[in-house]
>>> print(open('run38.txt').read())   # compact mmCIF, C-alpha atoms and all ligand atoms
# COMPACT_ATOMS: atom_id res chain seq x y z
CA MET Z 21 -48.73 -10.78 39.18
CA LYS Z 22 -49.59 -14.46 39.54
CA LYS Z 23 -53.20 -15.48 40.09
CA LYS Z 24 -54.86 -18.84 40.48
CA ILE Z 25 -58.30 -18.91 38.86
CA ALA Z 26 -60.88 -21.65 39.38
CA VAL Z 27 -62.69 -22.11 36.06
CA LEU Z 28 -66.17 -23.68 36.17
CA PRO Z 29 -67.52 -23.71 32.59
CA GLY Z 30 -70.66 -25.71 33.50
CA ASP Z 31 -73.45 -26.54 31.06
CA GLY Z 32 -74.88 -25.50 27.70
CA ILE Z 33 -73.05 -22.51 26.22
CA GLY Z 34 -71.00 -22.11 29.42
CA PRO Z 35 -67.87 -23.89 28.08
CA GLU Z 36 -67.99 -21.97 24.76
CA VAL Z 37 -68.22 -18.51 26.28
CA ILE Z 38 -65.71 -19.26 29.04
CA ALA Z 39 -63.22 -20.46 26.42
CA GLN Z 40 -63.34 -16.94 24.92
CA SER Z 41 -62.73 -15.30 28.32
CA ILE Z 42 -59.70 -17.52 28.76
CA LYS Z 43 -58.32 -16.43 25.37
CA VAL Z 44 -58.74 -12.81 26.44
CA LEU Z 45 -57.19 -13.43 29.86
CA ASN Z 46 -54.22 -15.15 28.21
CA SER Z 47 -53.65 -12.18 25.95
CA ILE Z 48 -53.83 -9.84 28.97
CA ALA Z 49 -51.32 -12.06 30.77
CA ARG Z 50 -48.91 -11.91 27.83
CA ARG Z 51 -49.29 -8.18 27.29
CA PHE Z 52 -48.97 -7.18 30.95
CA ASN Z 53 -46.63 -9.91 32.11
CA HIS Z 54 -49.00 -11.67 34.46
CA GLU Z 55 -49.36 -15.36 35.09
CA PHE Z 56 -52.84 -16.83 35.28
CA VAL Z 57 -53.06 -20.44 36.37
CA TYR Z 58 -56.40 -22.09 35.61
CA GLN Z 59 -57.88 -24.90 37.61
CA TYR Z 60 -60.88 -26.40 35.82
CA ALA Z 61 -63.67 -28.04 37.82
CA ASP Z 62 -67.05 -29.67 37.16
CA VAL Z 63 -70.32 -28.00 38.08
CA GLY Z 64 -74.03 -28.22 37.22
CA ALA Z 65 -75.76 -30.87 35.10
CA MET Z 66 -72.46 -32.17 33.74
CA ALA Z 67 -71.25 -32.71 37.31
CA ILE Z 68 -74.50 -34.52 38.16
CA ASP Z 69 -73.89 -36.83 35.20
CA LYS Z 70 -70.34 -37.56 36.34
CA THR Z 71 -70.72 -37.68 40.10
CA GLY Z 72 -74.41 -37.36 41.02
CA ASN Z 73 -73.60 -34.04 42.73
CA PRO Z 74 -74.04 -30.63 41.03
CA LEU Z 75 -71.32 -29.18 43.28
CA PRO Z 76 -68.77 -31.90 44.04
CA GLU Z 77 -66.64 -31.37 47.15
CA SER Z 78 -63.50 -31.21 44.97
CA THR Z 79 -65.00 -28.31 42.98
CA LEU Z 80 -65.76 -26.39 46.14
CA GLN Z 81 -62.22 -27.04 47.32
CA THR Z 82 -60.78 -25.76 44.03
CA CYS Z 83 -62.85 -22.57 44.39
CA MET Z 84 -61.74 -22.00 47.97
CA GLU Z 85 -58.07 -22.43 47.10
CA ALA Z 86 -58.17 -20.06 44.11
CA ASP Z 87 -57.83 -16.27 44.02
CA ALA Z 88 -61.14 -16.00 42.16
CA VAL Z 89 -63.74 -18.12 40.40
CA LEU Z 90 -64.76 -17.76 36.77
CA PHE Z 91 -68.15 -19.36 36.23
CA GLY Z 92 -69.94 -20.11 32.95
CA ALA Z 93 -73.55 -21.24 33.19
CA ILE Z 94 -75.58 -24.11 34.54
CA GLY Z 95 -78.94 -25.68 33.82
CA HIS Z 96 -80.47 -28.31 31.61
CA PRO Z 97 -84.02 -28.73 30.25
CA ARG Z 98 -84.28 -32.27 31.57
CA PHE Z 99 -84.27 -30.83 35.11
CA ASP Z 100 -86.35 -27.73 34.28
CA ASN Z 101 -89.15 -29.95 33.03
CA ASP Z 102 -89.11 -32.27 36.01
CA PRO Z 103 -90.68 -30.63 39.09
CA ASN Z 104 -89.87 -33.71 41.16
CA ALA Z 105 -86.13 -33.80 40.42
CA LYS Z 106 -84.29 -34.21 43.72
CA VAL Z 107 -80.97 -32.91 42.43
CA ARG Z 108 -80.82 -29.80 40.24
CA PRO Z 109 -77.92 -28.07 38.50
CA GLU Z 110 -78.99 -24.74 40.06
CA GLN Z 111 -78.16 -26.13 43.50
CA ALA Z 112 -74.52 -25.75 42.51
CA ILE Z 113 -74.56 -21.99 42.07
CA LEU Z 114 -76.76 -21.50 45.13
CA GLY Z 115 -74.38 -23.73 47.13
CA LEU Z 116 -71.33 -21.88 45.86
CA ARG Z 117 -72.85 -18.51 46.74
CA LYS Z 118 -73.65 -19.70 50.24
CA GLN Z 119 -70.40 -21.57 50.87
CA LEU Z 120 -68.19 -18.78 49.54
CA GLY Z 121 -70.24 -16.17 51.43
CA LEU Z 122 -70.98 -14.23 48.23
CA PHE Z 123 -73.55 -11.87 49.67
CA ALA Z 124 -73.43 -9.17 46.98
CA ASN Z 125 -74.04 -9.67 43.30
CA ILE Z 126 -73.02 -6.68 41.20
CA ARG Z 127 -74.63 -6.39 37.78
CA PRO Z 128 -73.67 -3.36 35.68
CA VAL Z 129 -76.04 -2.41 32.85
CA THR Z 130 -74.30 -0.50 30.06
CA THR Z 131 -75.82 0.52 26.75
CA TYR Z 132 -73.97 0.78 23.44
CA ALA Z 133 -74.92 3.49 20.95
CA SER Z 134 -74.56 1.16 17.97
CA LEU Z 135 -77.07 -1.29 19.47
CA ALA Z 136 -79.81 1.28 20.00
CA GLU Z 137 -81.88 -0.27 17.21
CA ILE Z 138 -81.73 -3.73 18.73
CA SER Z 139 -83.13 -2.74 22.08
CA PRO Z 140 -86.89 -3.29 22.35
CA LEU Z 141 -87.02 0.24 23.77
CA LYS Z 142 -86.86 3.43 21.74
CA ALA Z 143 -83.39 4.93 21.27
CA HIS Z 144 -84.17 8.13 23.17
CA ILE Z 145 -85.09 6.05 26.23
CA THR Z 146 -81.97 3.89 26.26
CA GLN Z 147 -79.48 6.58 25.26
CA GLY Z 148 -76.65 6.84 27.79
CA VAL Z 149 -78.25 4.41 30.23
CA ASP Z 150 -75.62 3.25 32.69
CA PHE Z 151 -76.53 1.82 36.06
CA VAL Z 152 -75.57 -1.03 38.34
CA ILE Z 153 -77.70 -3.43 40.33
CA TYR Z 154 -76.53 -4.52 43.79
CA ARG Z 155 -78.47 -7.71 44.41
CA GLU Z 156 -78.33 -9.42 47.81
CA LEU Z 157 -77.30 -13.00 47.07
CA THR Z 158 -77.26 -15.26 50.11
CA GLY Z 159 -80.49 -14.46 51.93
CA GLY Z 160 -84.20 -13.92 51.43
CA ILE Z 161 -86.67 -16.33 49.91
CA TYR Z 162 -83.94 -18.24 48.06
CA PHE Z 163 -82.43 -19.54 51.28
CA GLY Z 164 -85.27 -19.47 53.83
CA GLU Z 165 -86.90 -22.64 55.10
CA LYS Z 166 -88.77 -24.55 52.41
CA LYS Z 167 -91.72 -26.81 53.14
CA ARG Z 168 -93.75 -29.05 50.94
CA ASP Z 169 -96.56 -31.48 51.51
CA GLN Z 170 -99.12 -32.87 49.12
CA ASP Z 171 -101.23 -29.73 48.67
CA GLN Z 172 -99.26 -26.96 50.27
CA ALA Z 173 -95.80 -25.47 49.95
CA SER Z 174 -93.98 -22.50 51.43
CA ASP Z 175 -90.71 -20.60 51.02
CA LEU Z 176 -89.74 -18.41 53.91
CA CYS Z 177 -88.22 -14.97 53.27
CA VAL Z 178 -85.89 -13.95 56.09
CA TYR Z 179 -83.44 -11.05 56.38
CA SER Z 180 -81.36 -9.85 59.29
CA ARG Z 181 -80.23 -6.25 59.74
CA MET Z 182 -76.62 -7.40 59.38
CA GLU Z 183 -77.31 -9.03 56.01
CA ILE Z 184 -78.90 -5.83 54.73
CA GLU Z 185 -76.30 -3.50 56.14
CA ARG Z 186 -73.25 -5.21 54.64
CA ILE Z 187 -74.52 -5.08 51.05
CA ALA Z 188 -76.00 -1.61 51.55
CA ARG Z 189 -72.55 -0.34 52.52
CA LEU Z 190 -71.06 -1.70 49.29
CA ALA Z 191 -73.86 -0.07 47.30
CA PHE Z 192 -73.42 3.33 49.00
CA GLU Z 193 -69.69 3.17 48.37
CA ALA Z 194 -70.26 2.29 44.72
CA ALA Z 195 -72.70 5.20 44.38
CA GLY Z 196 -70.01 7.50 45.79
CA LEU Z 197 -67.75 6.57 42.87
CA ARG Z 198 -70.55 7.03 40.33
CA ARG Z 199 -73.37 9.58 40.04
CA ARG Z 200 -74.12 9.50 43.79
CA LYS Z 201 -77.63 8.16 43.63
CA LEU Z 202 -78.92 5.02 45.30
CA THR Z 203 -82.39 3.58 44.81
CA LEU Z 204 -83.56 0.95 47.26
CA VAL Z 205 -86.10 -1.32 45.56
CA ASP Z 206 -88.48 -3.14 47.87
CA LYS Z 207 -92.11 -3.95 48.57
CA ALA Z 208 -92.35 -2.12 51.89
CA ASN Z 209 -96.09 -1.55 51.46
CA VAL Z 210 -96.62 -5.30 51.89
CA LEU Z 211 -93.55 -7.15 53.18
CA GLU Z 212 -92.09 -6.98 56.67
CA THR Z 213 -88.62 -7.87 55.34
CA SER Z 214 -88.84 -4.86 53.01
CA ARG Z 215 -89.69 -2.62 55.97
CA LEU Z 216 -86.52 -3.85 57.70
CA TRP Z 217 -84.56 -3.10 54.51
CA ARG Z 218 -85.98 0.43 54.40
CA ASP Z 219 -85.27 1.11 58.05
CA THR Z 220 -81.71 -0.25 57.87
CA VAL Z 221 -80.78 1.50 54.64
CA ALA Z 222 -82.33 4.82 55.72
CA LYS Z 223 -80.26 4.73 58.94
CA LEU Z 224 -77.10 3.97 56.98
CA ALA Z 225 -77.84 6.83 54.57
CA SER Z 226 -76.95 9.33 57.28
CA GLU Z 227 -73.35 8.05 57.08
CA TYR Z 228 -73.29 8.89 53.38
CA PRO Z 229 -74.66 12.45 53.24
CA ASP Z 230 -73.34 13.06 49.73
CA ILE Z 231 -75.43 10.20 48.30
CA GLU Z 232 -79.00 10.90 47.29
CA MET Z 233 -81.09 7.93 48.40
CA ASP Z 234 -84.63 7.12 47.38
CA CYS Z 235 -86.93 4.11 47.70
CA MET Z 236 -89.11 2.53 45.07
CA PHE Z 237 -91.62 -0.30 45.18
CA VAL Z 238 -90.52 -3.21 43.03
CA ASP Z 239 -93.62 -3.17 40.82
CA ASN Z 240 -93.01 0.49 40.03
CA ALA Z 241 -89.28 -0.19 39.53
CA ALA Z 242 -90.13 -2.86 36.94
CA MET Z 243 -92.13 -0.21 35.09
CA GLN Z 244 -89.57 2.58 35.53
CA LEU Z 245 -86.83 0.38 34.05
CA ILE Z 246 -88.79 0.45 30.80
CA LEU Z 247 -90.17 4.00 30.98
CA ASN Z 248 -87.07 5.83 32.14
CA PRO Z 249 -84.03 3.62 32.88
CA GLY Z 250 -81.76 6.68 32.73
CA GLN Z 251 -82.98 7.75 36.18
CA PHE Z 252 -81.07 4.91 37.87
CA ASP Z 253 -77.47 4.96 39.08
CA VAL Z 254 -77.18 2.27 41.77
CA ILE Z 255 -80.13 -0.01 42.45
CA LEU Z 256 -79.96 -1.88 45.76
CA THR Z 257 -82.35 -4.74 46.29
CA GLU Z 258 -82.96 -8.14 47.85
CA ASN Z 259 -82.25 -11.50 46.24
CA MET Z 260 -85.42 -12.35 44.35
CA PHE Z 261 -86.27 -8.81 43.20
CA GLY Z 262 -82.68 -8.47 41.99
CA ASP Z 263 -82.91 -11.71 40.03
CA ILE Z 264 -86.04 -10.56 38.23
CA LEU Z 265 -85.05 -6.94 37.66
CA SER Z 266 -81.59 -7.79 36.34
CA ASP Z 267 -83.04 -10.01 33.61
CA GLU Z 268 -85.45 -7.23 32.72
CA ALA Z 269 -82.63 -4.67 32.75
CA SER Z 270 -80.50 -6.80 30.45
CA THR Z 271 -83.00 -6.43 27.62
CA ILE Z 272 -82.49 -2.65 27.67
CA THR Z 273 -79.01 -3.15 26.23
CA GLY Z 274 -80.26 -5.32 23.38
CA SER Z 275 -79.06 -8.72 24.54
CA MET Z 276 -78.69 -10.63 27.74
CA GLY Z 277 -75.44 -11.87 26.28
CA LEU Z 278 -73.80 -8.56 27.16
CA LEU Z 279 -74.27 -8.47 30.92
CA PRO Z 280 -71.48 -9.59 33.26
CA SER Z 281 -71.59 -9.90 37.01
CA ALA Z 282 -69.34 -10.08 40.04
CA SER Z 283 -70.33 -11.79 43.26
CA VAL Z 284 -68.36 -10.66 46.27
CA GLY Z 285 -68.52 -11.27 49.98
CA THR Z 286 -66.62 -12.81 52.81
CA GLY Z 287 -64.55 -15.30 50.80
CA ASN Z 288 -63.35 -15.65 47.24
CA SER Z 289 -65.18 -13.66 44.60
CA LEU Z 290 -66.96 -15.24 41.66
CA PHE Z 291 -67.45 -13.79 38.19
CA GLU Z 292 -70.16 -14.97 35.82
CA PRO Z 293 -72.30 -13.78 32.92
CA ILE Z 294 -75.89 -13.20 34.01
CA HIS Z 295 -77.25 -15.32 31.16
CA GLY Z 296 -78.11 -18.97 31.60
CA SER Z 297 -76.92 -22.10 29.82
CA TYR Z 298 -79.05 -21.49 26.67
CA PRO Z 299 -79.06 -25.22 25.77
CA GLN Z 300 -80.68 -24.61 22.36
CA ALA Z 301 -77.53 -22.81 21.22
CA ALA Z 302 -74.97 -25.10 22.83
CA GLY Z 303 -72.27 -26.43 20.53
CA GLN Z 304 -73.26 -24.16 17.61
CA ASP Z 305 -70.65 -21.46 18.19
CA ILE Z 306 -73.35 -18.75 18.09
CA ALA Z 307 -73.43 -17.73 21.76
CA ASN Z 308 -72.47 -14.18 22.65
CA PRO Z 309 -69.15 -14.32 24.55
CA MET Z 310 -69.17 -10.64 25.59
CA ALA Z 311 -70.87 -11.17 28.97
CA ALA Z 312 -68.31 -13.83 29.88
CA ILE Z 313 -65.43 -11.66 28.64
CA LEU Z 314 -66.74 -8.64 30.56
CA SER Z 315 -67.06 -10.87 33.64
CA ALA Z 316 -63.36 -11.63 33.25
CA ALA Z 317 -62.77 -7.85 33.09
CA MET Z 318 -64.60 -7.47 36.41
CA MET Z 319 -62.28 -10.15 37.79
CA LEU Z 320 -59.24 -8.17 36.60
CA ASP Z 321 -60.58 -5.10 38.40
CA HIS Z 322 -60.99 -7.25 41.49
CA PHE Z 323 -57.30 -8.23 41.22
CA GLY Z 324 -56.47 -4.51 41.16
CA MET Z 325 -55.54 -4.78 37.48
CA HIS Z 326 -57.51 -1.72 36.47
CA ALA Z 327 -55.62 -0.82 33.28
CA GLU Z 328 -56.01 -4.43 32.12
CA ALA Z 329 -59.74 -4.42 32.89
CA LYS Z 330 -60.21 -1.13 31.09
CA LEU Z 331 -58.41 -2.46 28.03
CA VAL Z 332 -60.76 -5.46 27.89
CA ARG Z 333 -63.84 -3.26 28.29
CA ASP Z 334 -62.64 -0.74 25.70
CA THR Z 335 -61.87 -3.53 23.26
CA VAL Z 336 -65.34 -5.02 23.75
CA THR Z 337 -66.97 -1.61 23.27
CA GLU Z 338 -64.90 -0.94 20.17
CA ALA Z 339 -65.76 -4.36 18.75
CA ILE Z 340 -69.47 -3.84 19.34
CA GLU Z 341 -69.35 -0.36 17.83
CA GLU Z 342 -67.53 -1.81 14.78
CA GLY Z 343 -70.25 -4.41 14.30
CA LEU Z 344 -68.17 -7.31 15.51
CA VAL Z 345 -71.04 -9.12 17.16
CA THR Z 346 -72.76 -12.48 17.39
CA LYS Z 347 -76.07 -13.52 15.82
CA ASP Z 348 -78.23 -12.27 18.72
CA LEU Z 349 -77.11 -8.71 17.95
CA ASN Z 350 -77.03 -8.89 14.16
CA PRO Z 351 -78.77 -11.88 12.57
CA LYS Z 352 -77.63 -10.77 9.07
CA GLU Z 353 -73.95 -10.16 9.59
CA PHE Z 354 -72.57 -11.99 12.55
CA PHE Z 355 -69.41 -13.61 13.82
CA PRO Z 356 -69.05 -16.99 15.48
CA CYS Z 357 -68.43 -16.95 19.23
CA SER Z 358 -64.96 -18.48 18.86
CA VAL Z 359 -63.92 -16.00 16.13
CA LEU Z 360 -64.87 -13.07 18.34
CA GLY Z 361 -62.75 -14.51 21.14
CA ASP Z 362 -59.78 -14.86 18.76
CA LEU Z 363 -60.23 -11.33 17.41
CA LEU Z 364 -60.56 -9.69 20.79
CA ALA Z 365 -57.55 -11.56 22.12
CA ALA Z 366 -55.47 -10.54 19.08
CA ILE Z 367 -56.50 -6.88 19.39
CA ILE Z 368 -55.71 -6.85 23.09
CA GLU Z 369 -52.30 -8.27 22.48
CA GLY Z 370 -51.67 -5.54 19.95
CA GLU Z 371 -51.14 -8.08 17.20
CA ASP Z 372 -52.59 -7.38 13.82
CA ARG Z 373 -53.90 -3.98 14.71
CA ASN Z 374 -55.22 -3.53 11.16
CA LYS Z 375 -57.81 -6.19 11.88
CA LEU Z 376 -59.59 -3.35 13.65
CA ASN Z 377 -60.64 -2.22 10.20
CA PRO Z 378 -64.25 -3.41 10.22
CA LYS Z 379 -64.27 -4.16 6.51
CA ASN Z 380 -61.30 -6.49 6.77
CA MET Z 381 -62.81 -8.14 9.80
CA ILE Z 382 -66.17 -8.71 8.22
CA ILE Z 383 -64.55 -10.14 5.11
CA SER Z 384 -62.41 -12.48 7.18
CA ALA Z 385 -65.43 -13.45 9.27
CA ILE Z 386 -67.55 -14.17 6.23
CA THR Z 387 -64.86 -16.42 4.83
CA ILE Z 388 -64.72 -18.19 8.18
CA ILE Z 389 -68.53 -18.54 8.35
C1 LIG O 401 -79.10 -15.83 38.21
C2 LIG O 401 -79.83 -17.12 37.92
C3 LIG O 401 -79.85 -17.97 39.18
C4 LIG O 401 -80.64 -17.22 40.25
C5 LIG O 401 -80.40 -19.40 38.98
C6 LIG O 401 -79.64 -20.15 37.93
C7 LIG O 401 -80.44 -20.17 40.26
O1 LIG O 401 -81.12 -16.87 37.45
O2 LIG O 401 -77.92 -15.88 38.57
O3 LIG O 401 -79.71 -14.76 38.07
O4 LIG O 401 -81.86 -17.31 40.30
O5 LIG O 401 -80.00 -16.53 41.03
MG MG O 402 -81.50 -14.82 37.10
>>> encode(input="run38.txt", output="structure tokens")
Amino acid sequence: MKKKIAVLPGDGIGPEVIAQSIKVLNSIARRFNHEFVYQYADVGAMAIDKTGNPLPESTLQTCMEADAVLFGAIGHPRFDNDPNAKVRPEQAILGLRKQLGLFANIRPVTTYASLAEISPLKAHITQGVDFVIYRELTGGIYFGEKKRDQDQASDLCVYSRMEIERIARLAFEAAGLRRRKLTLVDKANVLETSRLWRDTVAKLASEYPDIEMDCMFVDNAAMQLILNPGQFDVILTENMFGDILSDEASTITGSMGLLPSASVGTGNSLFEPIHGSYPQAAGQDIANPMAAILSAAMMLDHFGMHAEAKLVRDTVTEAIEEGLVTKDLNPKEFFPCSVLGDLLAAIIEGEDRNKLNPKNMIISAITII
């Protein structure tokens, strides 16, 4: 199969982690006889520096013409610390989501037995946790009318029934392929938009009688994610709650550097790690590439390349279980980001299978470090 992929590495650690996904995709292409054509484009702070625009028209065009978009990360402290900045790197990802009609952001949260000690939660709480967040991505307070004068500001939160229904359908269908449980997270005791979510999703539930649906207030959900994350299968929620809860959920696994995401909707789909640009780590080859590599696996699934996606995921799991991890997961014995990309790509291609021996790998890594 031939696929054209728009690659937007972006800022901070974005280029480093995306480079590892590309290595893995190339090894998949060689092993399974596919052709992936990459079209690189500027986005974020680096695009502002070059063109003054965080999402240049040519980048948008590249994304629209591709079969999928692989996105790294954006953001830079010089904008974060300037509340008056008129242009911000984040406008690029918000613009892309809107322009590509990416209304659903899918964030799977998987735990790894060998990382149980790294999680801030006790092992018996995180054991076997496996859920997915369906976050609405093009509506709500992120995109409502914004107003600002000297002493007052407002952000409007608006949802239409149609916007709720289309993501809810995807979430119900996903639940049907999983453990058949869907939890709608909202703040229906306070917010009118949440009451519309509850009404719409409850009506839709009758079309999916085999799915158990419940509702949870977002403050309680934030607590339940820590107390008993194993109760969740599919979490469905609006834009801002999903942003906050998915960062919280990522810590359950031990590192934010493990969580991939897929954004799907009416146009081309986009795949990105949920972590940010982590500027403090940029250029040091210490970033965790797994989230970016697993995002590429979600892209393979999206192309219908399920065996290929599974191979990437299994290889990542195996590597993590063997202790082939970056500094965030093991500060004593860690591998550089680029070395992990090379190793994973080699394993996927079936080359040098004996490198799977953790002892050999650690020795080779130490000599490289
Ligand atoms: C995310 C990020 C973005 C968001 C930022 C970078 C605008 O935090 O993808 O979760 O808030 O959606
Ligand atoms: Mg976020």
>>> residues_around(input="run38.txt", residues="Val345 in chain Z", least_positions_apart="3", cutoff="7 Å", atoms="only C-alpha atoms", output="PyMOL selection string")
chain Z and resi 340+349-350+354-355
>>> residues_around(input="run38.txt", residues="Phe252 in chain Z", least_positions_apart="3", cutoff="7 Å", atoms="only C-alpha atoms", output="MDAnalysis selection string")
chainID Z and resid 151 249 255
>>> closest_atom_pairs(input="run38.txt", of="chain Z", to="ligand MG 402 (chain O)", cutoff="10 Å", atoms="all atoms listed in the file", output="JSON lines")
{"residue": "Z:Asn259", "atom": "CA", "partner": "O:MG402", "partner_atom": "MG", "distance": 9.8}
{"residue": "Z:Met260", "atom": "CA", "partner": "O:MG402", "partner_atom": "MG", "distance": 8.6}
{"residue": "Z:Phe261", "atom": "CA", "partner": "O:MG402", "partner_atom": "MG", "distance": 9.8}
{"residue": "Z:Gly262", "atom": "CA", "partner": "O:MG402", "partner_atom": "MG", "distance": 8.1}
{"residue": "Z:Asp263", "atom": "CA", "partner": "O:MG402", "partner_atom": "MG", "distance": 4.5}
{"residue": "Z:Ile264", "atom": "CA", "partner": "O:MG402", "partner_atom": "MG", "distance": 6.3}
{"residue": "Z:Leu265", "atom": "CA", "partner": "O:MG402", "partner_atom": "MG", "distance": 8.7}
{"residue": "Z:Ser266", "atom": "CA", "partner": "O:MG402", "partner_atom": "MG", "distance": 7.1}
{"residue": "Z:Asp267", "atom": "CA", "partner": "O:MG402", "partner_atom": "MG", "distance": 6.1}
{"residue": "Z:Glu268", "atom": "CA", "partner": "O:MG402", "partner_atom": "MG", "distance": 9.6}
{"residue": "Z:Ile294", "atom": "CA", "partner": "O:MG402", "partner_atom": "MG", "distance": 6.6}
{"residue": "Z:His295", "atom": "CA", "partner": "O:MG402", "partner_atom": "MG", "distance": 7.3}
{"residue": "Z:Gly296", "atom": "CA", "partner": "O:MG402", "partner_atom": "MG", "distance": 7.7}
>>> closest_residue(input="run38.txt", among="Z:Glu77, Z:Ile145, Z:Val221, Z:Lys166", to="Met182 in chain Z", atoms="all atoms listed in the file")
Z:Val221
>>> atom_distance(input="run38.txt", atom1="CA of Phe163 in chain Z", atom2="CA of Lys118 in chain Z")
8.8 Å
>>> decode(input="run38.txt", residues="range 223-238 of chain Z", atoms="N, CA, C and O atoms", output="PDB file, in the first residue's frame")
ATOM      1  N   LYS Z 223     -30.110   9.566  25.177  1.00  0.00           N
ATOM      2  CA  LYS Z 223     -31.011   9.178  24.071  1.00  0.00           C
ATOM      3  C   LYS Z 223     -30.316   8.189  23.139  1.00  0.00           C
ATOM      4  O   LYS Z 223     -30.908   7.202  22.703  1.00  0.00           O
ATOM      5  N   LEU Z 224     -29.052   8.475  22.849  1.00  0.00           N
ATOM      6  CA  LEU Z 224     -28.296   7.616  21.937  1.00  0.00           C
ATOM      7  C   LEU Z 224     -28.086   6.227  22.536  1.00  0.00           C
ATOM      8  O   LEU Z 224     -28.011   5.224  21.806  1.00  0.00           O
ATOM      9  N   ALA Z 225     -28.005   6.174  23.852  1.00  0.00           N
ATOM     10  CA  ALA Z 225     -27.717   4.903  24.541  1.00  0.00           C
ATOM     11  C   ALA Z 225     -28.752   3.841  24.181  1.00  0.00           C
ATOM     12  O   ALA Z 225     -28.430   2.647  24.138  1.00  0.00           O
ATOM     13  N   SER Z 226     -29.972   4.279  23.886  1.00  0.00           N
ATOM     14  CA  SER Z 226     -31.014   3.290  23.577  1.00  0.00           C
ATOM     15  C   SER Z 226     -30.716   2.557  22.269  1.00  0.00           C
ATOM     16  O   SER Z 226     -31.206   1.457  22.036  1.00  0.00           O
ATOM     17  N   GLU Z 227     -29.865   3.181  21.410  1.00  0.00           N
ATOM     18  CA  GLU Z 227     -29.467   2.495  20.171  1.00  0.00           C
ATOM     19  C   GLU Z 227     -28.359   1.480  20.407  1.00  0.00           C
ATOM     20  O   GLU Z 227     -28.005   0.716  19.518  1.00  0.00           O
ATOM     21  N   TYR Z 228     -27.768   1.531  21.594  1.00  0.00           N
ATOM     22  CA  TYR Z 228     -26.667   0.615  21.923  1.00  0.00           C
ATOM     23  C   TYR Z 228     -26.999  -0.137  23.209  1.00  0.00           C
ATOM     24  O   TYR Z 228     -26.366   0.075  24.245  1.00  0.00           O
ATOM     25  N   PRO Z 229     -28.022  -1.001  23.164  1.00  0.00           N
ATOM     26  CA  PRO Z 229     -28.509  -1.641  24.390  1.00  0.00           C
ATOM     27  C   PRO Z 229     -27.490  -2.550  25.074  1.00  0.00           C
ATOM     28  O   PRO Z 229     -27.595  -2.797  26.267  1.00  0.00           O
ATOM     29  N   ASP Z 230     -26.487  -3.002  24.292  1.00  0.00           N
ATOM     30  CA  ASP Z 230     -25.491  -3.899  24.918  1.00  0.00           C
ATOM     31  C   ASP Z 230     -24.368  -3.125  25.620  1.00  0.00           C
ATOM     32  O   ASP Z 230     -23.470  -3.719  26.197  1.00  0.00           O
ATOM     33  N   ILE Z 231     -24.423  -1.792  25.565  1.00  0.00           N
ATOM     34  CA  ILE Z 231     -23.385  -0.999  26.248  1.00  0.00           C
ATOM     35  C   ILE Z 231     -23.951  -0.455  27.558  1.00  0.00           C
ATOM     36  O   ILE Z 231     -25.011   0.186  27.572  1.00  0.00           O
ATOM     37  N   GLU Z 232     -23.209  -0.675  28.613  1.00  0.00           N
ATOM     38  CA  GLU Z 232     -23.613  -0.129  29.908  1.00  0.00           C
ATOM     39  C   GLU Z 232     -23.115   1.319  29.971  1.00  0.00           C
ATOM     40  O   GLU Z 232     -21.923   1.576  29.817  1.00  0.00           O
ATOM     41  N   MET Z 233     -24.055   2.248  30.152  1.00  0.00           N
ATOM     42  CA  MET Z 233     -23.640   3.656  30.171  1.00  0.00           C
ATOM     43  C   MET Z 233     -23.887   4.261  31.540  1.00  0.00           C
ATOM     44  O   MET Z 233     -24.941   4.044  32.130  1.00  0.00           O
ATOM     45  N   ASP Z 234     -22.895   4.985  32.056  1.00  0.00           N
ATOM     46  CA  ASP Z 234     -23.152   5.739  33.283  1.00  0.00           C
ATOM     47  C   ASP Z 234     -22.596   7.154  33.138  1.00  0.00           C
ATOM     48  O   ASP Z 234     -21.897   7.465  32.174  1.00  0.00           O
ATOM     49  N   CYS Z 235     -22.960   8.015  34.077  1.00  0.00           N
ATOM     50  CA  CYS Z 235     -22.526   9.408  34.030  1.00  0.00           C
ATOM     51  C   CYS Z 235     -21.770   9.714  35.313  1.00  0.00           C
ATOM     52  O   CYS Z 235     -22.091   9.172  36.365  1.00  0.00           O
ATOM     53  N   MET Z 236     -20.793  10.597  35.196  1.00  0.00           N
ATOM     54  CA  MET Z 236     -20.004  10.937  36.375  1.00  0.00           C
ATOM     55  C   MET Z 236     -19.640  12.419  36.303  1.00  0.00           C
ATOM     56  O   MET Z 236     -19.257  12.907  35.236  1.00  0.00           O
ATOM     57  N   PHE Z 237     -19.753  13.111  37.434  1.00  0.00           N
ATOM     58  CA  PHE Z 237     -19.325  14.506  37.443  1.00  0.00           C
ATOM     59  C   PHE Z 237     -17.797  14.560  37.339  1.00  0.00           C
ATOM     60  O   PHE Z 237     -17.103  13.703  37.889  1.00  0.00           O
ATOM     61  N   VAL Z 238     -17.326  15.598  36.665  1.00  0.00           N
ATOM     62  CA  VAL Z 238     -15.891  15.643  36.354  1.00  0.00           C
ATOM     63  C   VAL Z 238     -15.021  15.707  37.611  1.00  0.00           C
ATOM     64  O   VAL Z 238     -13.929  15.129  37.652  1.00  0.00           O
TER      65      VAL Z 238
END
